[in-house]
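Worksheet: the structure to be examined is printed underneath.
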Amino acid sequence: MSKDVNYKLKPVQRWRRLAVLGLLGVGSLLVSGRAFHLQVVEREFLTKQGDKRQVRVVTLPGHRAAIRDRRGEPLALSAPVDSIWCVPSALLASPEHVAALAKVLKQTPRELTQFLDERATRQFVYIERGLPPDEARRVLALKAPGVFSTREYRRYYPAGEVAGQVVGFTDVDGRGQEGMEMSHDETLRGIAGSRRVIRDARGRIVEDTDDAVPAQPGADLALSMDLRLQYLAYRELKNSVLAHRAKGGLVVVADARTGELLAVASQPGFNPNNVEDRKPGRMRNRAIVDSFEPGSTVKPLLVAQALEIGALRPNSHIDTGAGWMQVARLTVRDIHALGDADLAMILAKSSNVGAAKIGLQIGAENVWQGFQRFGLGDRVASGFPGESAPLLRPYMQWGQIATATASYGYGLSVNALHLVRAYAALGNDGLMPHLRLTMDQPQQPPQRAVSAETARELRRMLELVAMRGGTAARAAIPGYRVAGKTGTVRKVAATGGYDTDRHQSVFIGMVPAENPRLIGLVMIDEPGAGDYYGGVVAAPVFSTVLQGALRLLQIAPDACSRDCPPAVPPAQLAMPSGVDVAEPRT
Amino acid sequence: MKRLWQRFRLGLLESRPTKGLMLPLVLSLMVIGSALYAIRVKHDNRSLTTEIERARVERERMQMEWSQLQLEEAALSHHARIENTARTQLGMAEPRDYVIVNQSAAGRVP
């Protein structure tokens, strides 16, 4: 085509060509030099700056797991809340927004303005913490300048004070501080994950990078507790403590076969939802943390030991004389003189003289060994933080007096769970189960404490305790046979001796006596309204709680329906006022 | 397709300039096609990311709601509340007079 058009070509002057080429050369040098500078010299800085604007690390919250009872009812749950914070100077710049904000937060505009004025120089001030997400949304909808929210998690305890001492609570940062929240903090706690994302100009996530660390939520914890029984136990305990003007008290209900603790109530209580309620004396779980002298409740263990080593036979008789006896400087007394009595009668009337005679007959080593058999010298290892260790001195240090007093339960100290475990051995035909508070604890095989015959013999004797003429006729449950034992323990005085007017009233028993399924222990600390005998103060609580438990767990009655004692009308049952119910969050 | 391939081969074999243009033409077409496809994939990727992000937010919201509903249920079914309602509002009481019937024992009674 070019052949057809004939241009007149002029030679180009040499300098022009050189000038153009030179300019182009300089230009390209500049461009490549700049490119080199950006790509090689400043590369790192620029990459970082670019990432800073686009790449974000998003944390993925690892939620703290729930604590539930054995039936899945929640005892502790984490729920999201929003905290509203602001930059005071920005907010104060628009007074109409301050007024609107104050209205939503139920404050007067003046208060809020003053609050903000005092903090005007700061860049970050919380206005309201822990708002339910709905309310926080309403606050943010005002679109007030300089007002933001952050997501936080708060722990709620729906059961409130009923299970407060077992479940415990966490601090503001979600770390377990007391109870199961503390001992199982590791497994409950979630581990936060993170992922790097690329955001576009509008803040939307447009790309995931590969290096994401997934969040690991905590593992739910199932307690062996049954909230229905726990509520019943707590209600009855609280009623009784109020009625007897007592200092405190505790109730433990356990499964006799598996050793699972179904209810552990302790008074005075606290509501873990209220921070002001968290006072040391109220948070203490007396059933596990406190030790006390078991008193008469060890007499059946002593008799079991005497039967087991063959020192006594089930039909043996002991002469308790005129209701008192002298052991060195110690005078052992009974409330009523029993004279010549069989073992069942000694237990039914809780004769100290009889117990001391048995103890002295079999000797210190055998008494000590008997208590060891029933685990009174070993820890319970329930897994609850701060569980108290038992105090059982070696028998070599025991003299005549110590042997006699140990026979009726003084001079050693245990916690409530020790007694429950020992009686579970009697209830479970001599096999002593390991007590546990959570469902995930490995089930250890039970230990043999005594032979099945001895355990059955003891249960037969202990049935007399809860019958007319025994110390705890009020522990009876219509339709069921109850085997149990009372204890009325004098408390150690500050001066060293025993106080005559400060007592602990105890009743521990098992139902149904033929083939026990439940072990119940009730202890009322320092009843101050006159009565203090275990059979009068603690036994009625046992009867009500266990009657409810038998019904809830659908355990068949074992007493014949015809010669059953007439059903007693249940006492007026009502939760004492002042029981906090967690507020519904709607 | 077959003819295209033949012409492409011809272009490769023969050194005439018009035929030699075939190879770069085809290659550049493929480059453009690949580039367009890359854009498409990128777009799909973004919309899927948005989708999963939306689903994540939704899941988070539902978890939140679930924990709130559980709390609400637990608060409403608190034993103390139920008991109080039953006794005061509904006037309920435990039966004052009752007999426990053991079914096996009852069966034997003539």
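Naming works like this for the structure tokens: A, B, ... for the chains as they're shown, residue 1 at the start of each chain, ligands 1 onward in shown order.
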
Practice item. Name all residues at most 9 Å from Arg46 (chain B) (count only C-alpha atoms; drop same-chain ones fewer than 3 positions away) and give them as a ChimeraX atom specification. Key: /A:205-207 /B:41-43,49-51

Limited to N, CA and C atoms, could you put the picked residues into a file as a PDB file, in the first residue's frame?
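Wrote part-v7.pdb, looks like this:
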```
ATOM      1  N   ILE A 205     -15.713  -7.831  54.578  1.00  0.00           N
ATOM      2  CA  ILE A 205     -14.642  -8.807  54.417  1.00  0.00           C
ATOM      3  C   ILE A 205     -14.752  -9.396  53.017  1.00  0.00           C
ATOM      4  N   VAL A 206     -13.696  -9.241  52.205  1.00  0.00           N
ATOM      5  CA  VAL A 206     -13.786  -9.736  50.844  1.00  0.00           C
ATOM      6  C   VAL A 206     -12.942 -10.982  50.633  1.00  0.00           C
ATOM      7  N   GLU A 207     -11.988 -11.213  51.498  1.00  0.00           N
ATOM      8  CA  GLU A 207     -11.164 -12.391  51.280  1.00  0.00           C
ATOM      9  C   GLU A 207     -10.632 -12.919  52.594  1.00  0.00           C
TER      10      GLU A 207
ATOM     11  N   VAL B  41     -13.612 -15.760  38.391  1.00  0.00           N
ATOM     12  CA  VAL B  41     -13.329 -16.568  39.590  1.00  0.00           C
ATOM     13  C   VAL B  41     -13.181 -15.676  40.813  1.00  0.00           C
ATOM     14  N   LYS B  42     -12.481 -14.572  40.601  1.00  0.00           N
ATOM     15  CA  LYS B  42     -12.273 -13.645  41.703  1.00  0.00           C
ATOM     16  C   LYS B  42     -13.623 -13.115  42.204  1.00  0.00           C
ATOM     17  N   HIS B  43     -14.464 -12.808  41.249  1.00  0.00           N
ATOM     18  CA  HIS B  43     -15.774 -12.289  41.624  1.00  0.00           C
ATOM     19  C   HIS B  43     -16.576 -13.333  42.414  1.00  0.00           C
ATOM     20  N   THR B  49     -17.335 -15.349  49.681  1.00  0.00           N
ATOM     21  CA  THR B  49     -16.817 -14.875  50.967  1.00  0.00           C
ATOM     22  C   THR B  49     -17.872 -14.042  51.689  1.00  0.00           C
ATOM     23  N   THR B  50     -18.523 -13.176  50.920  1.00  0.00           N
ATOM     24  CA  THR B  50     -19.578 -12.367  51.532  1.00  0.00           C
ATOM     25  C   THR B  50     -20.678 -13.270  52.080  1.00  0.00           C
ATOM     26  N   GLU B  51     -20.993 -14.280  51.296  1.00  0.00           N
ATOM     27  CA  GLU B  51     -22.039 -15.209  51.702  1.00  0.00           C
ATOM     28  C   GLU B  51     -21.691 -15.904  53.019  1.00  0.00           C
TER      29      GLU B  51
END
```

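Each of A:Ile84, A:Ala306, A:Val162, A:Met432 was checked against chain B using only C-alpha atoms; the smallest atom-to-atom distance is that of A:Val162.
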
Exercise for review: Residues of chain B near chain A: apply a cut-off of 6 Å, count only C-alpha atoms, and supply the list as a ChimeraX atom specification.
Suggested key: /B:46,49,67,72,74-75,96

**Study point:** Those of region 260-421 of chain A in DSSP helix (DSSP H, G or I), formatted as a PyMOL selection string
**Key:** chain A and resi 275-277+280-283+286-289+295-308+343-348+352-362+364-373+395-397+400-407+416-421

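The nearest approach to Trp368 (chain A) among the residues A:Gly496, A:Asp334, A:Ser316, A:Val298, with only C-alpha atoms taken into account, belongs to A:Val298.
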
Practice item. Could you find all residues in region 223-302 of chain A that DSSP calls strand (DSSP E or B) from the backbone, and write them as a ChimeraX atom specification? Key: /A:223,248-255,260-267,292

Can I get the selection written as a PDB file, in the first residue's frame, with N, CA and C atoms?
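Wrote out21.pdb, looks like this:
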```
ATOM      1  N   LEU A 223     -22.770 -31.575  86.113  1.00  0.00           N
ATOM      2  CA  LEU A 223     -22.629 -31.945  87.524  1.00  0.00           C
ATOM      3  C   LEU A 223     -23.515 -33.151  87.818  1.00  0.00           C
ATOM      4  N   GLY A 248     -26.181 -21.644 110.715  1.00  0.00           N
ATOM      5  CA  GLY A 248     -25.989 -22.152 109.357  1.00  0.00           C
ATOM      6  C   GLY A 248     -26.450 -23.581 109.298  1.00  0.00           C
ATOM      7  N   GLY A 249     -26.128 -24.251 108.219  1.00  0.00           N
ATOM      8  CA  GLY A 249     -26.513 -25.645 108.113  1.00  0.00           C
ATOM      9  C   GLY A 249     -26.153 -26.197 106.763  1.00  0.00           C
ATOM     10  N   LEU A 250     -26.340 -27.480 106.615  1.00  0.00           N
ATOM     11  CA  LEU A 250     -26.055 -28.093 105.329  1.00  0.00           C
ATOM     12  C   LEU A 250     -26.910 -29.331 105.130  1.00  0.00           C
ATOM     13  N   VAL A 251     -27.151 -29.647 103.875  1.00  0.00           N
ATOM     14  CA  VAL A 251     -27.882 -30.852 103.495  1.00  0.00           C
ATOM     15  C   VAL A 251     -27.113 -31.494 102.346  1.00  0.00           C
ATOM     16  N   VAL A 252     -26.875 -32.801 102.450  1.00  0.00           N
ATOM     17  CA  VAL A 252     -26.248 -33.530 101.349  1.00  0.00           C
ATOM     18  C   VAL A 252     -27.147 -34.712 101.016  1.00  0.00           C
ATOM     19  N   VAL A 253     -27.436 -34.908  99.740  1.00  0.00           N
ATOM     20  CA  VAL A 253     -28.150 -36.100  99.302  1.00  0.00           C
ATOM     21  C   VAL A 253     -27.278 -36.779  98.258  1.00  0.00           C
ATOM     22  N   ALA A 254     -27.047 -38.080  98.440  1.00  0.00           N
ATOM     23  CA  ALA A 254     -26.187 -38.794  97.500  1.00  0.00           C
ATOM     24  C   ALA A 254     -26.840 -40.101  97.084  1.00  0.00           C
ATOM     25  N   ASP A 255     -26.456 -40.565  95.915  1.00  0.00           N
ATOM     26  CA  ASP A 255     -26.894 -41.863  95.436  1.00  0.00           C
ATOM     27  C   ASP A 255     -26.052 -42.924  96.151  1.00  0.00           C
ATOM     28  N   GLU A 260     -22.865 -40.622  93.516  1.00  0.00           N
ATOM     29  CA  GLU A 260     -23.066 -39.312  92.907  1.00  0.00           C
ATOM     30  C   GLU A 260     -23.795 -38.397  93.881  1.00  0.00           C
ATOM     31  N   LEU A 261     -23.292 -37.190  94.021  1.00  0.00           N
ATOM     32  CA  LEU A 261     -23.911 -36.237  94.937  1.00  0.00           C
ATOM     33  C   LEU A 261     -25.057 -35.547  94.212  1.00  0.00           C
ATOM     34  N   LEU A 262     -26.277 -35.760  94.702  1.00  0.00           N
ATOM     35  CA  LEU A 262     -27.461 -35.238  94.006  1.00  0.00           C
ATOM     36  C   LEU A 262     -27.839 -33.844  94.492  1.00  0.00           C
ATOM     37  N   ALA A 263     -27.491 -33.542  95.727  1.00  0.00           N
ATOM     38  CA  ALA A 263     -27.776 -32.209  96.255  1.00  0.00           C
ATOM     39  C   ALA A 263     -26.744 -31.892  97.325  1.00  0.00           C
ATOM     40  N   VAL A 264     -26.192 -30.714  97.271  1.00  0.00           N
ATOM     41  CA  VAL A 264     -25.261 -30.243  98.289  1.00  0.00           C
ATOM     42  C   VAL A 264     -25.664 -28.805  98.600  1.00  0.00           C
ATOM     43  N   ALA A 265     -26.452 -28.641  99.648  1.00  0.00           N
ATOM     44  CA  ALA A 265     -26.931 -27.300  99.981  1.00  0.00           C
ATOM     45  C   ALA A 265     -26.244 -26.834 101.251  1.00  0.00           C
ATOM     46  N   SER A 266     -26.025 -25.556 101.339  1.00  0.00           N
ATOM     47  CA  SER A 266     -25.313 -25.009 102.483  1.00  0.00           C
ATOM     48  C   SER A 266     -25.853 -23.624 102.790  1.00  0.00           C
ATOM     49  N   GLN A 267     -26.008 -23.344 104.063  1.00  0.00           N
ATOM     50  CA  GLN A 267     -26.512 -22.042 104.515  1.00  0.00           C
ATOM     51  C   GLN A 267     -25.517 -21.426 105.486  1.00  0.00           C
ATOM     52  N   PHE A 292     -16.114 -30.961 111.107  1.00  0.00           N
ATOM     53  CA  PHE A 292     -16.723 -30.926 112.432  1.00  0.00           C
ATOM     54  C   PHE A 292     -16.526 -32.277 113.091  1.00  0.00           C
TER      55      PHE A 292
END
```

Check your understanding: Got a sec: who's within 12 Å of region 319-322 of chain A, counting only C-alpha atoms, leaving out chain neighbours fewer than 2 positions off, as number ranges by chain?
Key -> A: 316-317, 324-326, 332-343, 345-346, 349-358

Check your understanding: Do you know which residues are at most 7 Å from region 386-390 of chain A counting only C-alpha atoms, after dropping those on the same chain fewer than 5 positions away, and could you put them as a ChimeraX atom specification?
Key -> /A:288-291,376-379,413-415

Output file for the selection above: C-alpha atoms, as a compact mmCIF listing (two decimals), in the first residue's frame:
```txt
# COMPACT_ATOMS: atom_id res chain seq x y z
CA ILE A 288 -17.24 -29.80 101.75
CA VAL A 289 -14.97 -27.15 103.16
CA ASP A 290 -15.89 -27.28 106.87
CA SER A 291 -14.86 -29.99 109.29
CA LEU A 376 -12.70 -41.27 108.00
CA GLY A 377 -8.92 -40.94 107.70
CA ASP A 378 -8.76 -40.42 103.93
CA ARG A 379 -9.65 -37.48 101.77
CA SER A 413 -12.98 -34.24 112.73
CA VAL A 414 -14.35 -34.96 109.28
CA ASN A 415 -16.44 -33.13 106.74
```
